[in-house]
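The structure appears right after this line, and notes come after that.
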Amino acid sequence: MPMIDYVCAACGYRAEEYHHSDPPLAIPCPRQLDSGPCGAQASRASSFPGQYRPTSAKRFDAIVVWESTAEPGKYSFPGDAREAVPDGYRKVELTNMQEADRFVSRFNESERSRLEDERHAEREYFDRRIKQRREDTMARLKNNPRAVAMLKAVQKYRDAARNRKYARKIDPNFHIQALSFDSGNRQGYSSEETGWRERKA
């Protein structure tokens, strides 16, 4: 499946195309202008290793999110992209696959950090309660060595279970559904620079 470079004779746009069979000598220019597709003929061109090629990724309807103006990094998600932006938020548009993937990665990292902070606070709270309860129980059983030994064994088992629970990696698993469940269609929306080949593998 060779990658062929094409250059438009009218606007000079350089694009890359993949072909399963013999590539044509010319293709309609894929560049989108304000007035619509360029439409002129783009002819095959020579390219060299490492030569810069502008992205030829297709665009999709913008994905709209709202970012808080008071708390950057705090987002809200409208039910419809055409909804009016609420007070205290600004509109953010994700217009291509690379922007969408970067946003998903950033949002997941932010959520992971927030959830880890909440889990840490939760553990500290329950650690204090458990410690107090154990001290009270131990004070009542201190004259019964057998009961103390059994209590310590139970505590050791429960501590191991709690440690496993709190050691689990937190994965918010936020995704943009329209893209995440159509992995076969990602290639058309991703340019070579986005690394879609590695992510898809």
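Here, A, B, ... name the chains of the structure tokens in the order displayed, residue numbers run from 1 inside each chain, and ligands are numbered from 1 in the same displayed order.
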
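Those residues that approach range 129-134 of chain A to within 12 Å, counting only C-alpha atoms, are A:Glu122, A:Arg123, A:Glu124, A:Tyr125, A:Phe126, A:Thr137, A:Met138, A:Ala139, A:Arg140, A:Leu141, A:Lys142, A:Val148, A:Leu151, A:Lys152, A:Val154, A:Gln155, A:Lys156, A:Arg158, A:Asp159, A:Arg162; same-chain residues fewer than 3 positions away are not listed.
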
Worksheet item: Among range 80-115 of chain A, which residues carry a DSSP assignment of alpha helix (DSSP H), reported as a list in words?
Response: Met97, Gln98, Glu99, Ala100, Asp101, Arg102, Phe103, Val104, Ser105, Arg106, Phe107, Asn108, Glu109, Ser110, Glu111, Arg112, Ser113, Arg114 and Leu115 of chain A

Item to complete: Considering only C-alpha atoms, state which residue in the set A:Arg102, A:Arg114, A:Arg31, A:Lys91 is at the smallest distance from Pro172 in chain A.
Response: A:Arg114

Discussion item. Under the rule that only C-alpha atoms are counted, which of A:Glu135, A:Glu111, A:Ser76, A:Ile63 is the nearest residue to Met97 in chain A?
Written reply: A:Ile63

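One distance worth recording is that between CA of Tyr89 in chain A and CA of Asn173 in chain A, which is 24.0 Å.
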
Response to the item:
Closest of A:Gly36, A:Asn143, A:Glu16, A:Asn108 to His175 in chain A, counting only C-alpha atoms, is A:Asn108

Item to complete: With a distance cut-off of 9 Å and only C-alpha atoms, select the neighbouring residues of Leu94 in chain A, excluding the residue or stretch itself and same-chain residues fewer than 3 positions from it, and output the selection as a list in words.
Response: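 The contact residues come out as Asp61, Ala62, Ile63, Val64, Val65, Met97, Gln98, Glu99, Ala100 and Phe103 of chain A.
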
Output C-alpha atoms for every residue in the selection just made, as a short mmCIF file (atom, residue, chain, number, x, y, z; two decimals), in the first residue's frame.
data_model
loop_
_atom_site.label_atom_id
_atom_site.label_comp_id
_atom_site.auth_asym_id
_atom_site.auth_seq_id
_atom_site.Cartn_x
_atom_site.Cartn_y
_atom_site.Cartn_z
CA ASP A 61 -18.15 18.03 12.78
CA ALA A 62 -16.62 19.84 15.73
CA ILE A 63 -16.98 18.20 19.14
CA VAL A 64 -17.96 20.93 21.58
CA VAL A 65 -17.04 21.05 25.28
CA MET A 97 -8.75 13.52 15.59
CA GLN A 98 -5.47 14.80 17.01
CA GLU A 99 -7.22 17.50 19.10
CA ALA A 100 -9.84 14.99 20.27
CA PHE A 103 -8.34 16.30 25.01
#

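Among A:Lys169, A:Glu71, A:Trp66, A:Arg146, the residue with the shortest atom-to-atom distance to Ala84 in chain A, counting only C-alpha atoms, is A:Trp66.
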
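Residue nearest Leu25 in chain A within the list A:Ala160, A:Leu115, A:Cys8, A:Met150: A:Cys8 [criterion: smallest interatomic distance, only C-alpha atoms].
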
Worksheet entry | Å distance separating CA of Ala149 in chain A from CA of Tyr166 in chain A, one decimal place |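 These two atoms are separated by 25.8 Å.
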